[in-house]
file start_37.csv (CSV, C-alpha atoms and all ligand atoms)
chain,number,residue,atom,x,y,z
A,1,MET,CA,0.0,0.0,0.0
A,2,LYS,CA,1.1,3.6,-0.6
A,3,VAL,CA,0.5,6.6,1.5
A,4,ILE,CA,-1.5,9.4,-0.1
A,5,GLN,CA,-1.7,12.8,1.5
A,6,VAL,CA,-5.3,14.1,1.6
A,7,ASP,CA,-5.0,17.2,3.8
A,8,ARG,CA,-8.7,18.2,3.6
A,9,PHE,CA,-11.0,19.4,6.3
A,10,ILE,CA,-13.6,16.9,7.0
A,11,SER,CA,-16.2,19.6,6.5
A,12,ASP,CA,-15.1,20.1,2.8
A,13,ALA,CA,-17.5,17.5,1.5
A,14,ASN,CA,-20.4,19.2,3.2
A,15,ASP,CA,-19.3,22.7,2.2
A,16,LYS,CA,-19.2,21.7,-1.4
A,17,ASP,CA,-22.8,20.3,-1.3
A,18,ALA,CA,-23.9,23.4,0.6
A,19,ALA,CA,-22.3,25.8,-2.0
A,20,LYS,CA,-24.1,24.0,-4.8
A,21,LEU,CA,-27.5,24.2,-3.0
A,22,ARG,CA,-27.0,27.9,-2.4
A,23,GLU,CA,-26.2,28.6,-6.0
A,24,ASP,CA,-29.0,26.5,-7.4
A,25,LEU,CA,-31.6,28.2,-5.1
A,26,LYS,CA,-30.2,31.6,-6.0
A,27,ALA,CA,-30.5,30.9,-9.7
A,28,LYS,CA,-34.2,30.2,-9.1
A,29,GLY,CA,-34.6,33.4,-7.1
A,30,VAL,CA,-35.4,31.5,-3.9
A,31,LEU,CA,-34.0,32.8,-0.6
A,32,PHE,CA,-33.1,30.1,1.9
A,33,LEU,CA,-32.8,30.9,5.6
A,34,ASN,CA,-31.5,28.7,8.4
A,35,LEU,CA,-33.1,29.4,11.7
A,36,MET,CA,-31.2,28.2,14.8
A,37,SER,CA,-31.8,28.4,18.5
A,38,SER,CA,-32.2,26.4,21.8
A,39,PRO,CA,-35.4,24.3,22.1
A,40,GLY,CA,-38.3,26.5,23.2
A,41,SER,CA,-36.9,29.9,22.3
A,42,GLY,CA,-39.8,30.4,20.0
A,43,LYS,CA,-38.7,29.4,16.5
A,44,THR,CA,-42.1,27.9,15.4
A,45,THR,CA,-44.1,30.8,17.0
A,46,PHE,CA,-41.8,33.3,15.3
A,47,LEU,CA,-42.1,31.6,11.9
A,48,SER,CA,-45.9,31.3,12.3
A,49,ARG,CA,-46.2,35.1,12.9
A,50,THR,CA,-43.9,35.8,10.0
A,51,LEU,CA,-45.9,33.6,7.6
A,52,GLN,CA,-49.2,35.4,8.7
A,53,ASP,CA,-47.7,38.8,8.3
A,54,LEU,CA,-46.1,38.2,4.8
A,55,LYS,CA,-49.1,37.0,2.9
A,56,ASP,CA,-47.8,38.5,-0.3
A,57,LEU,CA,-44.7,36.3,-0.4
A,58,ARG,CA,-44.7,32.6,-1.2
A,59,LEU,CA,-43.1,31.1,1.9
A,60,ALA,CA,-42.3,27.5,2.8
A,61,VAL,CA,-40.9,25.9,5.9
A,62,MET,CA,-38.7,22.9,6.4
A,63,GLU,CA,-39.1,21.6,10.0
A,64,ALA,CA,-36.2,19.5,11.3
A,65,ASP,CA,-36.8,17.5,14.4
A,66,ILE,CA,-35.3,14.4,15.9
A,67,ALA,CA,-38.7,12.6,15.9
A,68,SER,CA,-41.9,14.5,16.2
A,69,THR,CA,-44.2,16.2,13.6
A,70,VAL,CA,-45.9,18.8,15.8
A,71,ASP,CA,-44.1,21.8,14.4
A,72,ALA,CA,-44.8,20.9,10.8
A,73,GLU,CA,-48.5,20.5,11.7
A,74,ARG,CA,-48.5,24.0,13.2
A,75,ILE,CA,-47.1,25.4,10.0
A,76,ALA,CA,-49.3,23.4,7.7
A,77,ALA,CA,-52.4,24.6,9.7
A,78,LEU,CA,-51.5,28.1,8.4
A,79,GLY,CA,-51.7,26.9,4.8
A,80,ALA,CA,-48.0,27.2,4.1
A,81,ARG,CA,-46.1,24.6,2.1
A,82,SER,CA,-44.1,22.6,4.7
A,83,ILE,CA,-42.1,19.4,5.2
A,84,GLN,CA,-41.0,17.5,8.3
A,85,VAL,CA,-37.5,16.2,8.3
A,86,HIS,CA,-36.7,13.5,10.8
A,87,THR,CA,-33.0,13.7,11.6
A,88,GLY,CA,-33.1,10.2,13.1
A,89,GLY,CA,-31.4,11.2,16.3
A,90,MET,CA,-29.0,13.6,14.7
A,91,CYS,CA,-28.5,16.9,16.6
A,92,HIS,CA,-27.9,19.0,13.5
A,93,MET,CA,-28.8,19.3,9.8
A,94,ASP,CA,-26.2,19.2,7.1
A,95,ALA,CA,-26.3,20.1,3.4
A,96,GLY,CA,-27.0,16.5,2.3
A,97,MET,CA,-30.1,16.4,4.5
A,98,THR,CA,-31.4,19.8,3.4
A,99,GLY,CA,-30.8,18.9,-0.2
A,100,ALA,CA,-32.9,15.8,0.0
A,101,ALA,CA,-35.6,17.6,1.9
A,102,LEU,CA,-35.7,20.5,-0.7
A,103,GLU,CA,-36.2,17.9,-3.4
A,104,THR,CA,-39.3,16.5,-1.7
A,105,LEU,CA,-40.6,20.0,-0.8
A,106,GLY,CA,-40.1,21.3,-4.3
A,107,THR,CA,-38.6,24.7,-4.8
A,108,ASP,CA,-40.7,26.0,-7.7
A,109,GLU,CA,-43.0,29.0,-7.2
A,110,LEU,CA,-41.5,30.0,-3.9
A,111,ASP,CA,-39.8,33.2,-2.7
A,112,VAL,CA,-38.4,32.2,0.7
A,113,ILE,CA,-37.7,28.8,2.3
A,114,PHE,CA,-37.1,28.7,6.1
A,115,LEU,CA,-35.3,25.8,7.7
A,116,GLU,CA,-36.2,25.4,11.4
A,117,ASN,CA,-33.0,23.6,12.5
A,118,VAL,CA,-32.8,21.2,15.4
A,119,GLY,CA,-33.0,23.1,18.7
A,120,ASN,CA,-29.4,23.3,19.9
A,121,LEU,CA,-27.0,26.3,20.2
A,122,ILE,CA,-23.9,24.3,19.5
A,123,CYS,CA,-23.3,22.0,16.5
A,124,PRO,CA,-25.9,23.4,14.0
A,125,ALA,CA,-23.5,26.4,13.8
A,126,GLU,CA,-20.7,24.0,12.6
A,127,PHE,CA,-22.5,22.7,9.5
A,128,ASP,CA,-23.3,24.7,6.4
A,129,THR,CA,-26.9,23.8,5.3
A,130,GLY,CA,-26.7,25.7,2.1
A,131,ALA,CA,-28.7,28.6,3.4
A,132,HIS,CA,-28.1,32.1,2.1
A,133,LYS,CA,-28.4,33.6,5.6
A,134,ASN,CA,-28.2,32.2,9.1
A,135,VAL,CA,-30.7,33.6,11.6
A,136,MET,CA,-30.5,32.8,15.3
A,137,ILE,CA,-33.0,33.3,18.0
A,138,LEU,CA,-32.1,34.1,21.6
A,139,SER,CA,-35.2,34.4,23.9
A,140,VAL,CA,-35.3,36.7,26.9
A,141,PRO,CA,-35.7,33.9,29.5
A,142,GLU,CA,-32.4,32.3,28.3
A,143,GLY,CA,-30.3,35.2,29.6
A,144,ASP,CA,-28.1,37.9,28.1
A,145,ASP,CA,-24.9,35.9,28.8
A,146,LYS,CA,-25.4,33.4,26.0
A,147,PRO,CA,-23.0,35.1,23.6
A,148,LEU,CA,-20.3,34.3,26.1
A,149,LYS,CA,-21.2,30.7,26.2
A,150,TYR,CA,-22.0,29.9,22.6
A,151,PRO,CA,-19.7,32.2,20.6
A,152,LEU,CA,-19.7,30.2,17.4
A,153,MET,CA,-23.4,30.5,17.0
A,154,PHE,CA,-23.2,34.2,17.2
A,155,GLN,CA,-20.2,34.4,14.9
A,156,GLN,CA,-22.0,32.3,12.2
A,157,SER,CA,-25.3,34.2,12.3
A,158,ASP,CA,-26.2,37.1,10.0
A,159,VAL,CA,-29.2,38.0,12.1
A,160,LEU,CA,-29.9,37.7,15.9
A,161,ILE,CA,-33.6,37.8,16.8
A,162,VAL,CA,-34.0,38.5,20.6
A,163,SER,CA,-37.4,37.0,21.1
A,164,LYS,CA,-40.1,37.2,23.8
A,165,ILE,CA,-39.3,40.8,24.6
A,166,ASP,CA,-42.9,41.0,26.1
A,167,ALA,CA,-41.3,39.1,29.0
A,168,LEU,CA,-38.5,41.6,29.6
A,169,PRO,CA,-40.2,43.0,32.8
A,170,TYR,CA,-40.0,39.5,34.4
A,171,PHE,CA,-36.3,38.7,33.7
A,172,ASN,CA,-32.9,40.2,34.4
A,173,PHE,CA,-32.1,40.5,30.7
A,174,ASP,CA,-30.0,43.5,29.8
A,175,LEU,CA,-30.7,44.1,26.1
A,176,ASP,CA,-27.8,46.6,25.7
A,177,LYS,CA,-25.4,44.1,27.3
A,178,CYS,CA,-26.6,41.4,25.0
A,179,ARG,CA,-26.2,43.6,22.0
A,180,GLU,CA,-22.7,44.6,23.0
A,181,ARG,CA,-21.6,41.0,23.6
A,182,ALA,CA,-23.1,39.8,20.2
A,183,LEU,CA,-21.5,42.7,18.3
A,184,ARG,CA,-18.2,42.1,19.9
A,185,LEU,CA,-18.2,38.5,18.5
A,186,ASN,CA,-19.7,39.6,15.2
A,187,PRO,CA,-19.7,43.3,14.2
A,188,ASP,CA,-21.9,42.7,11.2
A,189,ILE,CA,-24.7,40.9,12.9
A,190,ARG,CA,-28.2,42.5,12.6
A,191,ILE,CA,-30.1,42.5,15.8
A,192,PHE,CA,-33.9,42.6,16.0
A,193,PRO,CA,-35.7,42.5,19.4
A,194,VAL,CA,-39.2,41.1,18.8
A,195,SER,CA,-42.2,39.6,20.5
A,196,ALA,CA,-44.1,37.1,18.4
A,197,LYS,CA,-46.8,37.3,20.9
A,198,THR,CA,-47.6,41.0,20.7
A,199,GLY,CA,-46.1,41.6,17.3
A,200,GLU,CA,-43.6,44.3,18.6
A,201,GLY,CA,-40.5,44.6,16.4
A,202,MET,CA,-41.7,42.1,13.8
A,203,GLU,CA,-41.9,44.8,11.1
A,204,GLU,CA,-38.2,45.6,11.3
A,205,TRP,CA,-37.4,41.9,10.9
A,206,GLU,CA,-39.8,41.5,8.0
A,207,ASN,CA,-38.4,44.6,6.3
A,208,TRP,CA,-35.0,43.0,6.5
A,209,LEU,CA,-36.4,39.8,5.1
A,210,ARG,CA,-37.9,41.5,2.1
A,211,GLU,CA,-34.7,43.3,1.4
A,212,ALA,CA,-32.6,40.2,1.7
A,213,ARG,CA,-35.0,38.5,-0.7
A,214,GLU,CA,-34.8,41.3,-3.2
A,215,LYS,CA,-31.0,41.3,-3.1
A,216,ASN,CA,-30.9,37.6,-3.6
A,217,THR,CA,-32.9,37.8,-6.8
A,218,SER,CA,-31.5,41.1,-8.2
A,219,SER,CA,-27.9,40.0,-8.2
A,220,VAL,CA,-29.2,37.0,-10.2
A,221,THR,CA,-30.6,39.2,-12.9
A,222,ALA,CA,-27.4,41.2,-12.8
A,223,ALA,CA,-25.2,38.1,-13.4
A,224,PRO,CA,-24.3,37.2,-17.0
B,1,MET,CA,-26.1,11.5,17.0
B,2,HIS,CA,-23.4,14.0,16.1
B,3,GLU,CA,-20.5,11.7,15.3
B,4,MET,CA,-22.4,9.6,12.8
B,5,GLY,CA,-23.0,12.7,10.6
B,6,ILE,CA,-19.3,13.3,10.5
B,7,VAL,CA,-18.5,9.7,9.7
B,8,LEU,CA,-20.7,10.2,6.6
B,9,HIS,CA,-18.7,13.2,5.6
B,10,LEU,CA,-15.5,11.3,6.0
B,11,ALA,CA,-16.8,8.4,3.9
B,12,LYS,CA,-17.8,10.8,1.2
B,13,THR,CA,-14.4,12.3,0.9
B,14,LEU,CA,-12.8,8.9,0.9
B,15,ASP,CA,-15.1,7.7,-1.9
B,16,GLU,CA,-14.1,10.8,-3.9
B,17,THR,CA,-10.4,10.3,-3.3
B,18,ALA,CA,-10.7,6.6,-4.2
B,19,GLU,CA,-12.2,7.6,-7.5
B,20,GLU,CA,-9.8,10.4,-8.3
B,21,GLU,CA,-6.8,8.3,-7.5
B,22,ASN,CA,-8.1,5.0,-9.0
B,23,LEU,CA,-7.9,3.1,-5.7
B,24,THR,CA,-9.4,-0.3,-5.1
B,25,LYS,CA,-8.7,-0.6,-1.4
B,26,ILE,CA,-8.1,1.8,1.5
B,27,GLY,CA,-6.3,0.2,4.4
B,28,SER,CA,-6.3,3.1,6.8
B,29,VAL,CA,-7.2,6.8,7.2
B,30,THR,CA,-5.4,9.2,9.6
B,31,LEU,CA,-7.6,11.9,11.1
B,32,GLN,CA,-6.4,14.9,13.1
B,33,VAL,CA,-9.0,15.9,15.6
B,34,GLY,CA,-8.9,19.1,17.5
B,35,GLU,CA,-9.2,18.9,21.2
B,36,VAL,CA,-12.2,21.2,21.3
B,37,SER,CA,-13.7,20.1,18.0
B,38,GLY,CA,-16.7,18.7,19.8
B,39,ILE,CA,-16.0,15.2,18.5
B,40,MET,CA,-15.9,12.4,21.1
B,41,THR,CA,-13.2,10.2,19.8
B,42,ASP,CA,-14.4,6.9,21.4
B,43,LEU,CA,-17.9,7.5,20.0
B,44,PHE,CA,-16.5,8.4,16.6
B,45,THR,CA,-14.5,5.2,16.5
B,46,ASP,CA,-17.6,3.2,17.4
B,47,CYS,CA,-19.6,4.9,14.6
B,48,TRP,CA,-16.8,4.3,12.1
B,49,ASN,CA,-16.6,0.6,12.9
B,50,TYR,CA,-20.3,0.2,12.6
B,51,PHE,CA,-20.4,2.2,9.3
B,52,ARG,CA,-17.4,0.6,7.5
B,53,GLY,CA,-18.9,-2.9,7.9
B,54,ARG,CA,-21.7,-1.7,5.7
B,55,HIS,CA,-19.7,0.1,3.1
B,56,LYS,CA,-17.9,-2.4,0.9
B,57,ALA,CA,-15.0,-0.1,-0.3
B,58,LEU,CA,-14.1,0.8,3.3
B,59,THR,CA,-14.7,-2.5,5.2
B,60,GLU,CA,-10.9,-2.9,5.9
B,61,CYS,CA,-10.2,0.8,6.5
B,62,GLU,CA,-8.7,1.3,10.0
B,63,LEU,CA,-9.2,4.7,11.6
B,64,ILE,CA,-6.1,6.3,13.1
B,65,LEU,CA,-6.8,9.3,15.3
B,66,GLU,CA,-4.3,12.1,16.2
B,67,THR,CA,-5.2,14.9,18.6
B,68,ILE,CA,-4.5,18.5,17.8
B,69,PRO,CA,-4.1,20.4,21.1
B,70,ALA,CA,-6.2,23.5,21.6
B,71,VAL,CA,-4.3,26.7,21.8
B,72,THR,CA,-5.7,30.1,22.7
B,73,TYR,CA,-4.0,33.5,21.7
B,74,CYS,CA,-4.3,36.5,24.0
B,75,GLU,CA,-4.8,40.0,22.5
B,76,GLY,CA,-3.9,41.5,25.8
B,77,CYS,CA,-0.3,40.2,26.2
B,78,GLY,CA,0.4,38.5,22.9
B,79,LYS,CA,1.1,35.1,24.6
B,80,THR,CA,-0.6,31.8,23.9
B,81,TYR,CA,-1.8,29.2,26.4
B,82,PRO,CA,-3.5,25.8,26.4
B,83,THR,CA,-7.2,26.2,26.0
B,84,VAL,CA,-8.0,23.2,28.1
B,85,PRO,CA,-8.6,23.6,31.0
B,86,GLN,CA,-7.9,27.3,31.1
B,87,GLY,CA,-10.8,28.6,29.0
B,88,ARG,CA,-11.3,32.1,27.7
B,89,GLN,CA,-9.5,34.1,30.3
B,90,CYS,CA,-5.7,34.5,29.8
B,91,PRO,CA,-3.7,32.9,32.7
B,92,HIS,CA,-0.8,35.3,32.0
B,93,CYS,CA,-2.5,38.7,32.2
B,94,GLY,CA,-6.2,38.0,33.1
B,95,SER,CA,-7.6,39.4,29.8
B,96,TRP,CA,-10.8,38.1,28.2
B,97,GLU,CA,-9.7,39.3,24.8
B,98,THR,CA,-8.7,35.9,23.6
B,99,TRP,CA,-9.4,33.7,20.6
B,100,LEU,CA,-8.9,30.1,19.7
B,101,LYS,CA,-5.8,29.7,17.5
B,102,GLN,CA,-6.2,26.0,16.8
B,103,GLY,CA,-8.0,23.0,18.2
B,104,ASN,CA,-11.5,23.1,16.7
B,105,GLU,CA,-10.6,21.6,13.4
B,106,CYS,CA,-10.9,18.1,12.0
B,107,ILE,CA,-8.5,17.2,9.1
B,108,ILE,CA,-8.2,14.1,7.0
B,109,LYS,CA,-4.4,13.9,6.8
B,110,GLU,CA,-3.6,10.8,4.8
B,111,ILE,CA,-4.7,7.4,3.7
B,112,GLU,CA,-2.9,4.1,3.0
B,113,ALA,CA,-4.3,2.6,-0.1
B,114,GLU,CA,-3.7,0.6,-3.3
C,301,LIG,N1,-44.3,35.4,26.0
C,301,LIG,C1,-44.0,34.9,24.9
C,301,LIG,N2,-43.9,33.5,24.7
C,301,LIG,C2,-43.5,33.1,23.5
C,301,LIG,C3,-43.1,33.9,22.4
C,301,LIG,N3,-42.8,33.2,21.4
C,301,LIG,C4,-43.0,31.9,21.7
C,301,LIG,N4,-43.4,31.8,23.0
C,301,LIG,C5,-43.7,30.6,23.8
C,301,LIG,O1,-42.5,29.8,23.9
C,301,LIG,C6,-42.8,28.4,23.9
C,301,LIG,C7,-41.9,27.7,22.9
C,301,LIG,O2,-42.2,28.2,21.6
C,301,LIG,P1,-41.9,27.4,20.2
C,301,LIG,O3,-42.3,28.4,19.1
C,301,LIG,O4,-42.6,26.1,20.2
C,301,LIG,O5,-40.3,27.3,20.3
C,301,LIG,P2,-39.3,26.4,19.4
C,301,LIG,O6,-39.0,25.1,20.2
C,301,LIG,O7,-38.1,27.2,19.4
C,301,LIG,O8,-39.9,26.2,18.1
C,301,LIG,C8,-44.3,28.3,23.6
C,301,LIG,O9,-45.0,28.1,24.8
C,301,LIG,C9,-44.7,29.7,23.0
C,301,LIG,O10,-46.0,30.0,23.2
C,301,LIG,C10,-43.2,35.4,22.6
C,301,LIG,O11,-42.9,36.2,21.8
C,301,LIG,N5,-43.6,35.8,23.9
C,302,MG,MG,-40.2,24.4,17.0
C,303,ZN,ZN,-24.6,17.7,15.9
C,304,ZN,ZN,-2.8,37.7,28.2
call {"tool": "encode", "arguments": {"input": "start_37.csv", "output": "structure tokens"}}
result
Amino acid sequence: MKVIQVDRFISDANDKDAAKLREDLKAKGVLFLNLMSSPGSGKTTFLSRTLQDLKDLRLAVMEADIASTVDAERIAALGARSIQVHTGGMCHMDAGMTGAALETLGTDELDVIFLENVGNLICPAEFDTGAHKNVMILSVPEGDDKPLKYPLMFQQSDVLIVSKIDALPYFNFDLDKCRERALRLNPDIRIFPVSAKTGEGMEEWENWLREAREKNTSSVTAAP
Amino acid sequence: MHEMGIVLHLAKTLDETAEEENLTKIGSVTLQVGEVSGIMTDLFTDCWNYFRGRHKALTECELILETIPAVTYCEGCGKTYPTVPQGRQCPHCGSWETWLKQGNECIIKEIEAE
């Protein structure tokens, strides 16, 4: 036997698949967003509110869960196209899994696809899913120290949604401190404090989403 | 489970390499695993042994693991220190302005094949 130098990151195979997905979706004018957070921080509630507010856009949701189908049922009840991905015990999604799910979901006649990733602030940040943008949620009850504990998640995210701000009066959550800690890790991160319950702050997030979607398509038309 | 997902990524790269280099048999693969990469090496080896039995090109492929120590760099004093067990605060000057220099990576270094 001979020795062959490989010298490749183990993540290279996944990164290649992810880049291909990202390109294909962009060519179709579909914006793909990867939503990450701890379990219970409000991903499904936040997505439901977004779907109800943006009736003029064609939105779809990919729900990734270790086993249940409850989230996909909540989304389907709103009339949006959705698919449930069972990760079979896996704690994160990778590009191979999103690629297969996108095929089943179908990507025609859509403007935006959301992936609700497995609830976990750690390893989903390590695997490129092929999304154009990463969006993370940190809810007020979780505490403003989370950027210190899970730096990679904050570094990999383009958007930080601080959710459940209607609960601010009941928790020692310092919004300014949270902002400062997140920006220190990632100076480009966009921060939107929202309450999916009262609707406060949702408009700013939705404006960002519309803009991101327009940018994603306009640069396609600009390409040769 | 986290490790199984990474085993699949490893297998994919090995399949690609086998095709590129016209290999019929891979006898071993050497992986360099960062100390804080989040990969549990015992679990990873178990996953590998389970997986390779079901993948005919890799049945005989032994897994050799090497550890890359985690090293943190301090912006405050310019020194480095071992990340484990020190953490984010510099033991030399007490600064929190530190970042991981190495130790969260996982690299496929080489294979033995024919
Ligand atoms: N007070 C308050 N509760 C919320 C808000 N958003 C979600 N919740 C609650 O938080 C819990 C978890 O929400 P869910 O959307 O299922 O979280 P997921 O696990 O991240 O998908 C539910 O009981 C929601 O009703 C919010 O903006 N304000
Ligand atoms: Mg959910
Ligand atoms: Zn994982
Ligand atoms: Zn120092």
call {"tool": "interface_residues", "arguments": {"input": "start_37.csv", "of": "chain A", "to": "chain B", "cutoff": "12 Å", "atoms": "only C-alpha atoms", "output": "number ranges by chain"}}
result
A: 1-17, 66, 87-97, 118, 120, 122-127, 148-149, 151-152, 184-185
call {"tool": "residues_around", "arguments": {"input": "start_37.csv", "residues": "Glu75 of chain B", "least_positions_apart": "2", "cutoff": "6 Å", "atoms": "only C-alpha atoms", "output": "ChimeraX atom specification"}}
result
/B:77-78,97-98
call {"tool": "closest_residue", "arguments": {"input": "start_37.csv", "among": "A:Asp56, A:Glu73, A:Asp176, A:Glu142", "to": "ligand MG 302 (chain C)", "atoms": "all atoms listed in the file"}}
result
A:Glu73
call {"tool": "residues_around", "arguments": {"input": "start_37.csv", "residues": "Met136 of chain A", "least_positions_apart": "2", "cutoff": "7 Å", "atoms": "all atoms listed in the file", "output": "number ranges by chain"}}
result
A: 35-37, 134, 138, 157, 159-161
call {"tool": "closest_residue", "arguments": {"input": "start_37.csv", "among": "A:Thr50, A:Thr98, A:Ala64, A:Ser163", "to": "Leu78 of chain A", "atoms": "only C-alpha atoms"}}
result
A:Thr50
call {"tool": "residues_around", "arguments": {"input": "start_37.csv", "residues": "Val140 of chain A", "least_positions_apart": "6", "cutoff": "9 Å", "atoms": "only C-alpha atoms", "output": "PDB file with C-alpha atoms, in the frame of the given file"}}
result
ATOM      1  CA  SER A  41     -36.900  29.900  22.300  1.00  0.00           C
ATOM      2  CA  VAL A 162     -34.000  38.500  20.600  1.00  0.00           C
ATOM      3  CA  SER A 163     -37.400  37.000  21.100  1.00  0.00           C
ATOM      4  CA  LYS A 164     -40.100  37.200  23.800  1.00  0.00           C
ATOM      5  CA  ILE A 165     -39.300  40.800  24.600  1.00  0.00           C
ATOM      6  CA  ASP A 166     -42.900  41.000  26.100  1.00  0.00           C
ATOM      7  CA  ALA A 167     -41.300  39.100  29.000  1.00  0.00           C
ATOM      8  CA  LEU A 168     -38.500  41.600  29.600  1.00  0.00           C
ATOM      9  CA  PHE A 171     -36.300  38.700  33.700  1.00  0.00           C
ATOM     10  CA  ASN A 172     -32.900  40.200  34.400  1.00  0.00           C
ATOM     11  CA  PHE A 173     -32.100  40.500  30.700  1.00  0.00           C
ATOM     12  CA  LEU A 175     -30.700  44.100  26.100  1.00  0.00           C
TER      13      LEU A 175
END
call {"tool": "residues_around", "arguments": {"input": "start_37.csv", "residues": "Thr107 of chain A", "least_positions_apart": "2", "cutoff": "10 Å", "atoms": "all atoms listed in the file", "output": "JSON, numbers by chain"}}
result
{"A": [25, 28, 29, 30, 60, 102, 103, 104, 105, 109, 110, 111, 112, 113]}
call {"tool": "closest_atom_pairs", "arguments": {"input": "start_37.csv", "of": "chain A", "to": "ligand MG 302 (chain C)", "cutoff": "9 Å", "atoms": "all atoms listed in the file", "output": "tab-separated table"}}
result
residue	atom	partner	partner_atom	distance
A:Pro39	CA	C:MG302	MG	7.0
A:Gly40	CA	C:MG302	MG	6.8
A:Ser41	CA	C:MG302	MG	8.3
A:Gly42	CA	C:MG302	MG	6.7
A:Lys43	CA	C:MG302	MG	5.2
A:Thr44	CA	C:MG302	MG	4.3
A:Thr45	CA	C:MG302	MG	7.5
A:Glu63	CA	C:MG302	MG	7.6
A:Ala64	CA	C:MG302	MG	8.5
A:Asp65	CA	C:MG302	MG	8.1
A:Val70	CA	C:MG302	MG	8.1
A:Asp71	CA	C:MG302	MG	5.4
A:Ala72	CA	C:MG302	MG	8.5
A:Glu116	CA	C:MG302	MG	7.0
A:Asn117	CA	C:MG302	MG	8.5
A:Val118	CA	C:MG302	MG	8.2
A:Gly119	CA	C:MG302	MG	7.5
call {"tool": "residues_near_ligand", "arguments": {"input": "start_37.csv", "ligand": "ligand ZN 304 (chain C)", "cutoff": "9 Å", "atoms": "all atoms listed in the file", "output": "PDB file with C-alpha atoms, in the frame of the given file"}}
result
ATOM      1  CA  TYR B  73      -4.000  33.500  21.700  1.00  0.00           C
ATOM      2  CA  CYS B  74      -4.300  36.500  24.000  1.00  0.00           C
ATOM      3  CA  GLU B  75      -4.800  40.000  22.500  1.00  0.00           C
ATOM      4  CA  GLY B  76      -3.900  41.500  25.800  1.00  0.00           C
ATOM      5  CA  CYS B  77      -0.300  40.200  26.200  1.00  0.00           C
ATOM      6  CA  GLY B  78       0.400  38.500  22.900  1.00  0.00           C
ATOM      7  CA  LYS B  79       1.100  35.100  24.600  1.00  0.00           C
ATOM      8  CA  THR B  80      -0.600  31.800  23.900  1.00  0.00           C
ATOM      9  CA  TYR B  81      -1.800  29.200  26.400  1.00  0.00           C
ATOM     10  CA  GLN B  89      -9.500  34.100  30.300  1.00  0.00           C
ATOM     11  CA  CYS B  90      -5.700  34.500  29.800  1.00  0.00           C
ATOM     12  CA  PRO B  91      -3.700  32.900  32.700  1.00  0.00           C
ATOM     13  CA  HIS B  92      -0.800  35.300  32.000  1.00  0.00           C
ATOM     14  CA  CYS B  93      -2.500  38.700  32.200  1.00  0.00           C
ATOM     15  CA  GLY B  94      -6.200  38.000  33.100  1.00  0.00           C
ATOM     16  CA  SER B  95      -7.600  39.400  29.800  1.00  0.00           C
ATOM     17  CA  TRP B  96     -10.800  38.100  28.200  1.00  0.00           C
ATOM     18  CA  GLU B  97      -9.700  39.300  24.800  1.00  0.00           C
ATOM     19  CA  THR B  98      -8.700  35.900  23.600  1.00  0.00           C
TER      20      THR B  98
END
call {"tool": "atom_distance", "arguments": {"input": "start_37.csv", "atom1": "atom CA of Ser195 of chain A", "atom2": "atom CA of Gln84 of chain A"}}
result
25.3 Å
call {"tool": "atom_distance", "arguments": {"input": "start_37.csv", "atom1": "atom CA of Ile68 of chain B", "atom2": "atom CA of Gln155 of chain A"}}
result
22.5 Å
call {"tool": "residues_around", "arguments": {"input": "start_37.csv", "residues": "Leu115 of chain A", "least_positions_apart": "6", "cutoff": "6 Å", "atoms": "all atoms listed in the file", "output": "PDB file with C-alpha atoms, keeping the file's coordinate frame"}}
result
ATOM      1  CA  ASN A  34     -31.500  28.700   8.400  1.00  0.00           C
ATOM      2  CA  LEU A  35     -33.100  29.400  11.700  1.00  0.00           C
ATOM      3  CA  VAL A  61     -40.900  25.900   5.900  1.00  0.00           C
ATOM      4  CA  MET A  62     -38.700  22.900   6.400  1.00  0.00           C
TER       5      MET A  62
END
